[in-house]
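Visitor: If it helps, the file is called start36.cif and holds mmCIF, C-alpha atoms:
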data_model
#
loop_
_atom_site.label_atom_id
_atom_site.label_comp_id
_atom_site.auth_asym_id
_atom_site.auth_seq_id
_atom_site.Cartn_x
_atom_site.Cartn_y
_atom_site.Cartn_z
CA MET A 21 13.22 -98.18 4.80
CA SER A 22 9.65 -97.59 5.95
CA PRO A 23 7.42 -95.25 3.91
CA GLU A 24 7.27 -92.85 6.87
CA ALA A 25 11.04 -92.64 7.12
CA SER A 26 11.24 -92.09 3.39
CA THR A 27 8.76 -89.21 3.53
CA THR A 28 10.66 -87.62 6.40
CA ASN A 29 13.90 -87.85 4.47
CA ASP A 30 12.27 -86.48 1.33
CA ALA A 31 10.85 -83.55 3.29
CA ALA A 32 14.30 -82.90 4.70
CA LEU A 33 15.68 -82.97 1.16
CA PHE A 34 13.10 -80.40 0.08
CA GLU A 35 14.01 -78.13 2.98
CA GLU A 36 17.70 -78.48 2.19
CA VAL A 37 17.11 -77.62 -1.46
CA VAL A 38 15.14 -74.55 -0.35
CA ARG A 39 17.99 -73.59 1.96
CA ARG A 40 20.61 -73.98 -0.77
CA SER A 41 18.48 -71.98 -3.21
CA GLY A 42 19.19 -68.88 -1.13
CA LEU A 43 15.63 -67.75 -1.71
CA ALA A 44 13.78 -65.98 1.05
CA SER A 45 11.77 -68.22 3.36
CA TRP A 46 8.46 -66.70 2.29
CA VAL A 47 9.02 -67.39 -1.39
CA GLY A 48 11.46 -70.32 -1.71
CA PRO A 49 9.15 -73.23 -0.82
CA GLY A 50 6.48 -72.02 -3.25
CA LEU A 51 8.87 -71.54 -6.15
CA LEU A 52 10.45 -74.95 -5.72
CA ARG A 53 7.06 -76.57 -5.45
CA ARG A 54 5.98 -74.96 -8.73
CA ALA A 55 9.16 -76.26 -10.33
CA LEU A 56 8.40 -79.77 -9.09
CA GLN A 57 4.82 -79.52 -10.34
CA ALA A 58 6.20 -78.66 -13.78
CA VAL A 59 7.88 -82.07 -13.91
CA GLY A 60 4.82 -83.89 -12.64
CA VAL A 61 5.53 -84.03 -8.90
CA ASP A 62 2.55 -82.59 -7.06
CA GLU A 63 3.40 -83.82 -3.57
CA VAL A 64 6.52 -82.25 -2.09
CA GLY A 65 6.75 -85.03 0.48
CA ALA A 66 7.19 -87.53 -2.33
CA ALA A 67 9.91 -85.63 -4.18
CA ARG A 68 13.19 -87.53 -4.40
CA SER A 69 16.58 -86.60 -5.66
CA GLU A 70 15.80 -87.67 -9.24
CA HIS A 71 12.69 -85.45 -9.26
CA PHE A 72 14.71 -82.43 -8.17
CA LYS A 73 17.29 -83.21 -10.87
CA ARG A 74 14.55 -83.22 -13.49
CA ALA A 75 13.12 -80.01 -12.05
CA LEU A 76 16.47 -78.24 -11.88
CA PRO A 77 16.15 -76.29 -15.18
CA GLN A 78 12.70 -75.09 -14.12
CA MET A 79 14.02 -74.23 -10.66
CA GLU A 80 16.89 -72.29 -12.20
CA ALA A 81 14.55 -70.29 -14.43
CA ARG A 82 12.39 -69.36 -11.46
CA MET A 83 15.31 -68.57 -9.20
CA ALA A 84 16.70 -66.26 -11.90
CA VAL A 85 13.85 -63.85 -11.20
CA TYR A 86 15.07 -63.38 -7.65
CA LEU A 87 18.85 -63.86 -7.76
CA LYS A 88 21.66 -62.06 -9.53
CA PRO A 89 23.34 -64.17 -12.27
CA GLU A 90 26.52 -64.84 -10.30
CA GLU A 91 24.67 -65.91 -7.19
CA LEU A 92 22.25 -67.94 -9.25
CA ALA A 93 25.09 -69.99 -10.72
CA GLN A 94 26.56 -70.64 -7.26
CA ARG A 95 23.21 -71.63 -5.80
CA VAL A 96 22.33 -73.97 -8.64
CA ALA A 97 25.75 -75.60 -8.36
CA ALA A 98 25.22 -76.10 -4.64
CA ILE A 99 21.87 -77.76 -5.27
CA ARG A 100 23.38 -79.93 -8.00
CA ARG A 101 26.11 -81.09 -5.60
CA LEU A 102 23.48 -81.99 -3.02
CA LEU A 103 21.50 -84.02 -5.53
CA GLU A 104 24.56 -85.92 -6.68
CA THR A 105 25.57 -87.11 -3.21
CA MET B 9 -1.49 -44.02 39.41
CA PRO B 10 -1.35 -44.15 35.62
CA PRO B 11 1.64 -45.86 34.05
CA SER B 12 4.63 -43.60 33.47
CA ILE B 13 5.71 -45.33 30.28
CA ALA B 14 6.43 -43.23 27.23
CA PHE B 15 8.53 -44.04 24.21
CA PRO B 16 12.11 -43.07 25.14
CA ASN B 17 12.60 -39.35 24.79
CA PRO B 18 15.71 -38.28 22.80
CA ASP B 19 16.29 -35.48 25.32
CA ASP B 20 16.57 -37.84 28.29
CA PRO B 21 20.11 -38.77 29.41
CA ASP B 22 19.11 -42.44 29.43
CA PHE B 23 17.54 -42.27 25.98
CA LEU B 24 19.81 -44.76 24.23
CA VAL B 25 19.96 -47.12 27.20
CA GLU B 26 16.19 -47.28 27.35
CA LEU B 27 15.79 -47.45 23.60
CA GLY B 28 18.26 -50.32 23.39
CA GLY B 29 16.56 -52.05 26.30
CA LEU B 30 13.09 -52.07 24.80
CA PHE B 31 13.75 -55.62 23.65
CA ILE B 32 13.36 -56.69 27.29
CA GLY B 33 9.86 -55.29 27.42
CA CYS B 34 9.03 -56.90 24.08
CA GLN B 35 10.15 -60.32 25.28
CA MET B 36 8.23 -59.91 28.53
CA LEU B 37 5.10 -59.00 26.56
CA PHE B 38 5.44 -62.09 24.35
CA THR B 39 5.99 -64.29 27.40
CA ALA B 40 3.09 -62.77 29.33
CA SER B 41 0.90 -63.57 26.33
CA SER B 42 2.22 -67.09 25.76
CA VAL B 43 1.86 -68.11 29.45
CA GLY B 44 -1.72 -66.85 29.37
CA LEU B 45 -1.46 -63.89 31.73
CA PHE B 46 -3.91 -61.72 29.78
CA GLU B 47 -6.27 -64.60 29.14
CA LYS B 48 -6.47 -65.34 32.87
CA LEU B 49 -7.41 -61.73 33.53
CA LYS B 50 -10.09 -61.49 30.86
CA ASP B 51 -12.97 -62.06 33.29
CA GLY B 52 -11.82 -59.59 35.92
CA PRO B 53 -9.04 -58.39 38.25
CA LEU B 54 -6.88 -60.86 40.18
CA ALA B 55 -4.32 -60.47 42.94
CA ALA B 56 -0.82 -61.77 42.25
CA GLU B 57 -1.38 -65.02 44.14
CA GLU B 58 -4.71 -65.62 42.37
CA LEU B 59 -3.15 -64.90 39.01
CA ALA B 60 -0.24 -67.23 39.79
CA GLU B 61 -2.61 -70.03 40.71
CA ALA B 62 -4.79 -69.46 37.64
CA ALA B 63 -1.78 -69.42 35.31
CA LYS B 64 -0.04 -72.26 37.20
CA LEU B 65 3.11 -70.19 37.58
CA PRO B 66 5.34 -69.31 40.54
CA GLN B 67 3.97 -66.23 42.30
CA ARG B 68 7.32 -64.45 42.13
CA SER B 69 7.46 -64.92 38.34
CA VAL B 70 3.97 -63.59 37.95
CA HIS B 71 4.79 -60.58 40.09
CA VAL B 72 7.85 -59.73 37.97
CA LEU B 73 5.94 -60.16 34.73
CA ALA B 74 2.78 -58.39 35.83
CA SER B 75 4.68 -55.46 37.34
CA ALA B 76 6.52 -54.90 34.09
CA MET B 77 3.26 -55.08 32.16
CA VAL B 78 1.80 -52.43 34.47
CA ALA B 79 4.86 -50.25 33.96
CA LEU B 80 4.44 -50.62 30.20
CA GLY B 81 0.76 -49.72 30.38
CA VAL B 82 -0.46 -53.13 29.23
CA LEU B 83 -1.94 -54.13 32.62
CA GLU B 84 -3.46 -51.97 35.32
CA LEU B 85 -2.97 -52.32 39.07
CA LYS B 86 -5.65 -51.14 41.46
CA ASP B 87 -6.21 -52.07 45.13
CA GLY B 88 -3.61 -54.81 44.87
CA LYS B 89 -5.27 -56.50 41.89
CA TYR B 90 -4.14 -56.70 38.28
CA SER B 91 -6.48 -56.22 35.36
CA ASN B 92 -6.08 -56.02 31.62
CA GLY B 93 -5.70 -52.58 30.15
CA ARG B 94 -8.05 -51.73 27.31
CA SER B 95 -5.66 -52.87 24.57
CA ALA B 96 -4.79 -56.12 26.33
CA GLN B 97 -8.44 -56.97 26.94
CA ARG B 98 -9.34 -56.21 23.34
CA ARG B 99 -6.34 -57.67 21.55
CA LEU B 100 -4.65 -60.24 23.78
CA THR B 101 -7.57 -62.39 24.97
CA THR B 102 -10.19 -64.61 23.42
CA ASN B 103 -12.78 -62.08 24.63
CA GLY B 104 -11.45 -59.41 22.32
CA PRO B 105 -12.61 -58.83 18.75
CA ASP B 106 -9.10 -58.15 17.47
CA ASP B 107 -6.94 -60.94 18.86
CA ILE B 108 -3.37 -60.18 17.81
CA ARG B 109 -1.71 -63.03 19.70
CA PRO B 110 -0.84 -64.81 16.43
CA GLY B 111 0.96 -61.59 15.50
CA LEU B 112 2.97 -61.66 18.72
CA ARG B 113 3.86 -65.29 17.98
CA LEU B 114 5.10 -64.18 14.56
CA TYR B 115 7.30 -61.56 16.24
CA GLU B 116 8.62 -64.00 18.80
CA LEU B 117 9.09 -67.18 16.79
CA VAL B 118 10.04 -65.86 13.35
CA ASP B 119 10.95 -62.18 13.41
CA ILE B 120 13.22 -62.10 16.45
CA PRO B 121 15.29 -65.09 15.27
CA LEU B 122 15.56 -63.40 11.86
CA LEU B 123 16.59 -60.11 13.40
CA SER B 124 19.25 -61.83 15.47
CA GLN B 125 21.05 -62.15 12.11
CA PHE B 126 20.32 -58.58 11.07
CA GLU B 127 23.98 -57.67 10.72
CA GLN B 128 24.42 -60.48 8.20
CA ALA B 129 21.46 -59.17 6.19
CA ILE B 130 22.87 -55.64 6.27
CA ARG B 131 26.35 -56.77 5.21
CA THR B 132 25.38 -59.23 2.49
CA GLY B 133 22.09 -57.89 1.17
CA ASN B 134 20.83 -61.47 1.15
CA PRO B 135 17.69 -62.74 2.86
CA ILE B 136 18.06 -64.50 6.18
CA GLN B 137 16.47 -67.92 6.05
CA THR B 138 14.30 -68.90 8.96
CA GLN B 139 15.38 -71.89 11.01
CA LYS B 140 11.75 -72.88 11.48
CA PRO B 141 10.57 -75.88 9.44
CA ILE B 142 8.87 -74.61 6.31
CA ALA B 143 5.36 -75.73 7.29
CA ASP B 144 5.61 -73.99 10.66
CA PHE B 145 7.02 -70.85 9.07
CA GLY B 146 4.16 -70.62 6.57
CA ARG B 147 1.50 -71.09 9.20
CA ILE B 148 3.02 -68.71 11.77
CA PHE B 149 3.71 -66.11 9.07
CA SER B 150 0.21 -66.21 7.56
CA GLU B 151 -1.63 -66.25 10.88
CA GLY B 152 0.52 -63.45 12.25
CA VAL B 153 0.19 -61.19 9.24
CA GLU B 154 -3.54 -61.79 9.19
CA ALA B 155 -3.89 -60.84 12.85
CA PHE B 156 -1.90 -57.65 12.39
CA THR B 157 -3.71 -56.57 9.24
CA ARG B 158 -7.30 -57.24 10.36
CA PRO B 159 -7.97 -53.60 11.36
CA THR B 160 -6.38 -52.45 8.09
CA VAL B 161 -8.80 -54.64 6.15
CA GLU B 162 -11.74 -53.05 7.92
CA ALA B 163 -10.30 -49.60 7.25
CA LEU B 164 -9.84 -50.46 3.56
CA LEU B 165 -13.49 -51.44 3.22
CA GLY B 166 -14.44 -48.04 4.61
CA ALA B 167 -11.93 -46.14 2.52
CA TYR B 168 -12.50 -47.63 -0.91
CA ASP B 169 -15.86 -48.37 -2.51
CA PHE B 170 -15.77 -51.79 -4.16
CA SER B 171 -19.48 -51.73 -5.05
CA GLY B 172 -18.80 -50.68 -8.64
CA HIS B 173 -16.60 -53.69 -9.30
CA ARG B 174 -17.60 -57.18 -10.31
CA ARG B 175 -14.44 -59.34 -10.07
CA VAL B 176 -11.46 -58.73 -7.83
CA LEU B 177 -7.98 -60.22 -8.03
CA ASP B 178 -6.24 -60.41 -4.67
CA MET B 179 -2.63 -60.69 -5.72
CA ALA B 180 -0.50 -62.47 -3.08
CA GLY B 181 -3.70 -62.61 -1.07
CA GLY B 182 -2.43 -64.86 1.72
CA THR B 183 -5.18 -66.93 3.26
CA GLY B 184 -8.00 -64.61 2.22
CA SER B 185 -7.93 -62.16 5.11
CA TYR B 186 -8.77 -59.28 2.75
CA LEU B 187 -11.12 -61.17 0.49
CA LEU B 188 -13.48 -62.72 3.01
CA PRO B 189 -14.58 -59.47 4.69
CA LEU B 190 -14.82 -57.88 1.24
CA LEU B 191 -17.04 -60.65 -0.13
CA ARG B 192 -19.21 -60.59 2.97
CA ARG B 193 -19.87 -56.92 2.39
CA HIS B 194 -20.36 -57.14 -1.39
CA PRO B 195 -22.48 -60.18 -2.28
CA SER B 196 -22.26 -59.58 -6.04
CA LEU B 197 -18.44 -59.62 -6.13
CA SER B 198 -16.49 -62.69 -7.15
CA ALA B 199 -12.79 -63.10 -6.67
CA THR B 200 -9.52 -64.72 -7.55
CA LEU B 201 -6.86 -65.25 -4.91
CA TYR B 202 -3.37 -65.64 -6.36
CA GLU B 203 -0.64 -67.07 -4.16
CA LEU B 204 2.46 -69.20 -4.06
CA PRO B 205 1.49 -72.88 -3.77
CA HIS B 206 2.43 -73.44 -0.14
CA VAL B 207 0.29 -70.48 0.93
CA ALA B 208 -2.47 -71.33 -1.56
CA ASP B 209 -2.89 -74.66 0.22
CA MET B 210 -3.57 -72.84 3.47
CA ALA B 211 -5.96 -70.49 1.65
CA ARG B 212 -7.92 -73.46 0.26
CA ARG B 213 -8.39 -74.85 3.75
CA ARG B 214 -9.36 -71.50 5.19
CA LEU B 215 -11.73 -70.47 2.38
CA GLY B 216 -13.18 -73.95 2.18
CA ALA B 217 -14.45 -73.53 5.72
CA ASP B 218 -16.21 -70.22 5.00
CA PRO B 219 -19.54 -69.93 3.15
CA HIS B 220 -18.18 -67.02 1.09
CA GLY B 221 -15.11 -69.01 0.13
CA SER B 222 -16.99 -70.64 -2.74
CA ARG B 223 -16.91 -67.29 -4.58
CA VAL B 224 -13.12 -67.37 -4.66
CA GLU B 225 -11.06 -69.12 -7.30
CA ILE B 226 -7.60 -69.88 -5.96
CA VAL B 227 -4.77 -69.79 -8.47
CA ASP B 228 -1.30 -70.73 -7.40
CA GLY B 229 1.81 -69.34 -8.99
CA ASP B 230 4.58 -66.79 -8.81
CA ALA B 231 3.32 -63.42 -10.00
CA LEU B 232 6.78 -62.53 -11.31
CA PHE B 233 7.05 -65.68 -13.43
CA ASP B 234 3.73 -67.44 -14.06
CA PRO B 235 0.77 -66.09 -16.03
CA ILE B 236 -1.53 -63.73 -14.16
CA PRO B 237 -5.22 -64.48 -14.77
CA SER B 238 -7.23 -61.84 -16.64
CA GLY B 239 -10.84 -60.64 -16.39
CA HIS B 240 -10.59 -58.58 -13.22
CA ASP B 241 -11.67 -54.96 -12.87
CA VAL B 242 -9.94 -54.35 -9.55
CA VAL B 243 -6.72 -55.74 -8.11
CA ILE B 244 -5.75 -55.71 -4.44
CA LEU B 245 -2.01 -55.78 -3.82
CA ALA B 246 -1.69 -55.70 -0.04
CA ASN B 247 1.47 -56.02 2.05
CA THR B 248 3.46 -57.40 -0.84
CA ILE B 249 5.63 -54.78 -2.49
CA HIS B 250 7.59 -54.17 0.71
CA LEU B 251 8.94 -57.71 0.32
CA LEU B 252 10.21 -57.07 -3.19
CA GLY B 253 13.17 -55.13 -4.53
CA GLN B 254 12.55 -52.08 -6.67
CA GLU B 255 12.94 -53.84 -10.03
CA LYS B 256 10.55 -56.56 -8.99
CA VAL B 257 7.96 -54.05 -7.82
CA GLN B 258 8.10 -52.39 -11.23
CA ARG B 259 7.90 -55.76 -12.95
CA LEU B 260 4.88 -56.72 -10.87
CA PHE B 261 3.11 -53.41 -11.61
CA GLN B 262 3.80 -53.99 -15.30
CA ARG B 263 2.53 -57.58 -15.28
CA LEU B 264 -0.59 -56.59 -13.40
CA ARG B 265 -1.23 -53.78 -15.87
CA GLU B 266 -0.94 -56.23 -18.76
CA SER B 267 -3.53 -58.47 -17.11
CA VAL B 268 -6.32 -55.86 -16.91
CA GLN B 269 -8.25 -53.54 -19.22
CA PRO B 270 -7.98 -49.73 -19.16
CA GLY B 271 -10.03 -48.29 -16.32
CA ALA B 272 -9.33 -51.20 -13.95
CA ARG B 273 -8.26 -50.18 -10.47
CA LEU B 274 -5.21 -51.18 -8.46
CA VAL B 275 -5.63 -50.89 -4.70
CA ILE B 276 -2.42 -51.00 -2.66
CA PRO B 277 -2.65 -50.97 1.14
CA ASP B 278 0.90 -50.82 2.48
CA GLN B 279 3.23 -48.84 4.68
CA TRP B 280 3.68 -45.94 2.31
CA MET B 281 6.53 -43.78 3.55
CA ASN B 282 7.43 -40.12 3.22
CA SER B 283 10.14 -39.12 0.75
CA THR B 284 12.96 -39.58 3.31
CA HIS B 285 11.65 -42.99 4.48
CA THR B 286 11.53 -41.74 8.07
CA SER B 287 7.79 -41.56 8.64
CA PRO B 288 5.63 -43.27 9.69
CA MET B 289 8.09 -44.38 12.37
CA PHE B 290 6.90 -47.98 12.55
CA GLY B 291 7.29 -48.29 8.79
CA SER B 292 10.95 -47.36 9.17
CA LEU B 293 11.41 -50.15 11.71
CA LEU B 294 9.54 -52.70 9.63
CA ALA B 295 11.87 -51.87 6.73
CA GLY B 296 14.63 -53.59 8.73
CA LEU B 297 12.51 -56.68 9.08
CA TYR B 298 11.72 -56.68 5.37
CA LEU B 299 15.42 -56.46 4.64
CA CYS B 300 15.96 -59.63 6.68
CA LEU B 301 13.05 -61.38 5.01
CA SER B 302 13.93 -60.54 1.44
CA GLY B 303 17.42 -59.08 1.38
CA GLU B 304 16.47 -56.24 -0.92
CA ALA B 305 13.15 -54.72 0.06
CA ARG B 306 11.86 -51.91 2.19
CA ALA B 307 8.75 -49.90 2.85
CA TYR B 308 8.60 -47.64 -0.20
CA SER B 309 7.80 -43.97 -0.42
CA LEU B 310 4.74 -42.55 -2.04
CA ASP B 311 6.95 -40.78 -4.56
CA GLU B 312 8.57 -44.06 -5.57
CA GLY B 313 5.20 -45.73 -5.87
CA ARG B 314 3.80 -42.96 -8.03
CA THR B 315 6.80 -43.06 -10.37
CA TRP B 316 6.77 -46.83 -10.80
CA LEU B 317 3.01 -46.94 -11.30
CA GLN B 318 3.20 -44.28 -13.98
CA ALA B 319 6.03 -46.10 -15.75
CA SER B 320 3.90 -49.25 -15.80
CA GLY B 321 0.76 -47.75 -17.31
CA TRP B 322 -1.07 -46.94 -14.08
CA ARG B 323 -2.20 -43.47 -13.05
CA MET B 324 -2.20 -42.83 -9.32
CA LEU B 325 -5.58 -41.46 -8.27
CA GLU B 326 -5.32 -41.01 -4.53
CA HIS B 327 -3.48 -41.72 -1.30
CA ARG B 328 -5.29 -41.85 2.02
CA PRO B 329 -4.61 -43.10 5.56
CA LEU B 330 -5.98 -46.46 6.67
CA TYR B 331 -4.84 -47.67 10.10
CA GLY B 332 -1.65 -47.21 12.07
CA CYS B 333 1.25 -47.01 9.65
CA TRP B 334 -0.85 -48.43 6.80
CA SER B 335 -2.19 -46.18 4.09
CA LEU B 336 -3.83 -46.73 0.74
CA VAL B 337 -2.78 -45.95 -2.80
CA VAL B 338 -5.38 -46.28 -5.55
CA ALA B 339 -4.35 -46.29 -9.21
CA GLU B 340 -6.21 -46.69 -12.49
CA ALA B 341 -5.08 -48.54 -15.60
CA GLU B 342 -4.52 -46.09 -18.46
#
Before we go any further, please render this structure as structure tokens.
Guide:
Amino acid sequence: MSPEASTTNDAALFEEVVRRSGLASWVGPGLLRRALQAVGVDEVGAARSEHFKRALPQMEARMAVYLKPEELAQRVAAIRRLLET
Amino acid sequence: MPPSIAFPNPDDPDFLVELGGLFIGCQMLFTASSVGLFEKLKDGPLAAEELAEAAKLPQRSVHVLASAMVALGVLELKDGKYSNGRSAQRRLTTNGPDDIRPGLRLYELVDIPLLSQFEQAIRTGNPIQTQKPIADFGRIFSEGVEAFTRPTVEALLGAYDFSGHRRVLDMAGGTGSYLLPLLRRHPSLSATLYELPHVADMARRRLGADPHGSRVEIVDGDALFDPIPSGHDVVILANTIHLLGQEKVQRLFQRLRESVQPGARLVIPDQWMNSTHTSPMFGSLLAGLYLCLSGEARAYSLDEGRTWLQASGWRMLEHRPLYGCWSLVVAEAE
């Protein structure tokens, strides 16, 4: 796989994680990026599945500010399923 | 003959038909802007065939579009030639000082697709996610909001005296559209712009290209989760609370209060509504858009704002009009 194709796929993964988070479009990308930064990933385009897995607890904590507990659990499970495929 | 357009009158038999059909006029306005109709007319009147040639469009299409724009009062027609009306010349061309075309693009490319799922937002109470790629969404959103709020920024600088302050925090400050005019006017002020990382990146590029940008420290984070920097004697919180649910607004007021000393000011330009949330009219409409964007927010009333400020350790000092449906609330840390 070429580096360009990899970056495109990683960007698509980021967008899919944002979508599954259920967070509003104006806030979701920023929150997930902060979560990735917390596990040492500064470049969203370089974030791979394993990075998101490491960032998941941080993502969950941030998402909890915006989502009700029941929805939070569903959304986190949906992201986890994505990362395990 | 002057245009006959008026906002649909509730007493007219066709009131609801015309009200429901306003979307046609909106779409025609966006299209007229995006195909460059107003730009082609910025240097003077043109006949339909001249306008068609200049815009490289079929003459019949131009005639349909231009006629509707005349009927809506956006263009004028005199002696067989079309010209920009005052608003179009000022706000829909590169000649104008207040170009709002990025705002129209926000309406067309982000807001209308969101509103097409309005029923889902109403039924579920969840935000509608834009189908635009994230980078495009951020850019279109920021540029559009900035275009729409430019006159409000100017009005704020006339309505509130920042000269007694030394360091301002622009919370959720976008790409610096409030800060840059403020810093230009007050050379002794320094500033912090706080934003989510994907917007902060855009702010860095924008501020980096402006000589006053060097007086701004950009901090990225989520104001409801990450630490809020201290050391500011005035906080601007513009166009933000209407994207947050009530509990989050209160939490944000509280966190901001904890970040400043007593006597610090909180300046909140927003669409402050009356107690029934029915006026200003445009604020009531925007509330629907905010519901789509966030799933839980709305334009809040002055009474709500006063109550939440008080509960968070702020004392509301004044409320005054700014521009259009925007008005200003000023509070002081107790």
Visitor: Do you know which residues are at most 12 Å from region 65-82 of chain A counting all atoms listed in the file, after dropping those on the same chain fewer than 5 positions away, and could you put them as a PyMOL selection string?
Guide: (chain A and resi 23-38+40-43+47-60+87-89+91-105) or (chain B and resi 143+229-234)
Visitor: Expand the PyMOL selection byres ((chain B and resi 175) around 8) into the individual residues it matches in the shown file, reporting them as a list in words.
Guide: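 What the PyMOL selection byres ((chain B and resi 175) around 8) grabs from the file is His173, Arg174, Val176, Leu177, Leu197, Ser198, Ala199, Thr200, Gly239, His240, Asp241 and Val242 of chain B.
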Visitor: Please evaluate the PyMOL selection byres ((chain B and resi 265-272) around 6) against the structure above and give the resulting residues as a PyMOL selection string.
Guide: chain B and resi 238+241-242+262-264+273+340-342
Visitor: Tell me which of A:Val61, A:Arg39, A:Ser45, A:Tyr86 sits closest to Thr138 (chain B), counting all atoms listed in the file.
Guide: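 For Thr138 (chain B), the nearest of the candidates is A:Ser45.
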Visitor: Please evaluate the PyMOL selection byres ((chain B) within 12 of (chain A)) against the displayed coordinates and give the resulting residues as a VMD selection string.
Guide: chain B and resid 118 to 119 122 129 132 to 150 180 182 203 to 209 227 to 234 248 251 to 257 259 to 260 298 to 305
Visitor: In Å, with one decimal, what is the gap from CA of Leu37 (chain B) to CA of Pro288 (chain B)?
Guide: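 Interatomic distance here is 23.1 Å.
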Visitor: Enclose region 35-43 of chain A, meaning all of its atoms listed in the file, in a box aligned along x, y and z, pad it by 6 Å on each side, and list the centre and edge lengths in Å to one decimal, as AutoDock Vina command-line options.
Guide:
--center_x 17.3 --center_y -73.1 --center_z -0.1 --size_x 18.6 --size_y 22.7 --size_z 18.2
Visitor: Would you work out the distance separating CA of Leu165 (chain B) from CA of Val337 (chain B), expressed in Å to one decimal?
Guide: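 A separation of 13.5 Å between them.
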Visitor: To one decimal place in Å, what is the distance between CA of Tyr202 (chain B) and CA of Met179 (chain B)?
Guide: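 Separating CA of Tyr202 (chain B) from CA of Met179 (chain B) is a distance of 5.0 Å.
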Visitor: Pick from B:Gly181, B:Pro277, B:Pro235, B:Pro53: nearest to Glu162 (chain B), with all atoms listed in the file counted?
Guide: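 Closest candidate: B:Pro277.
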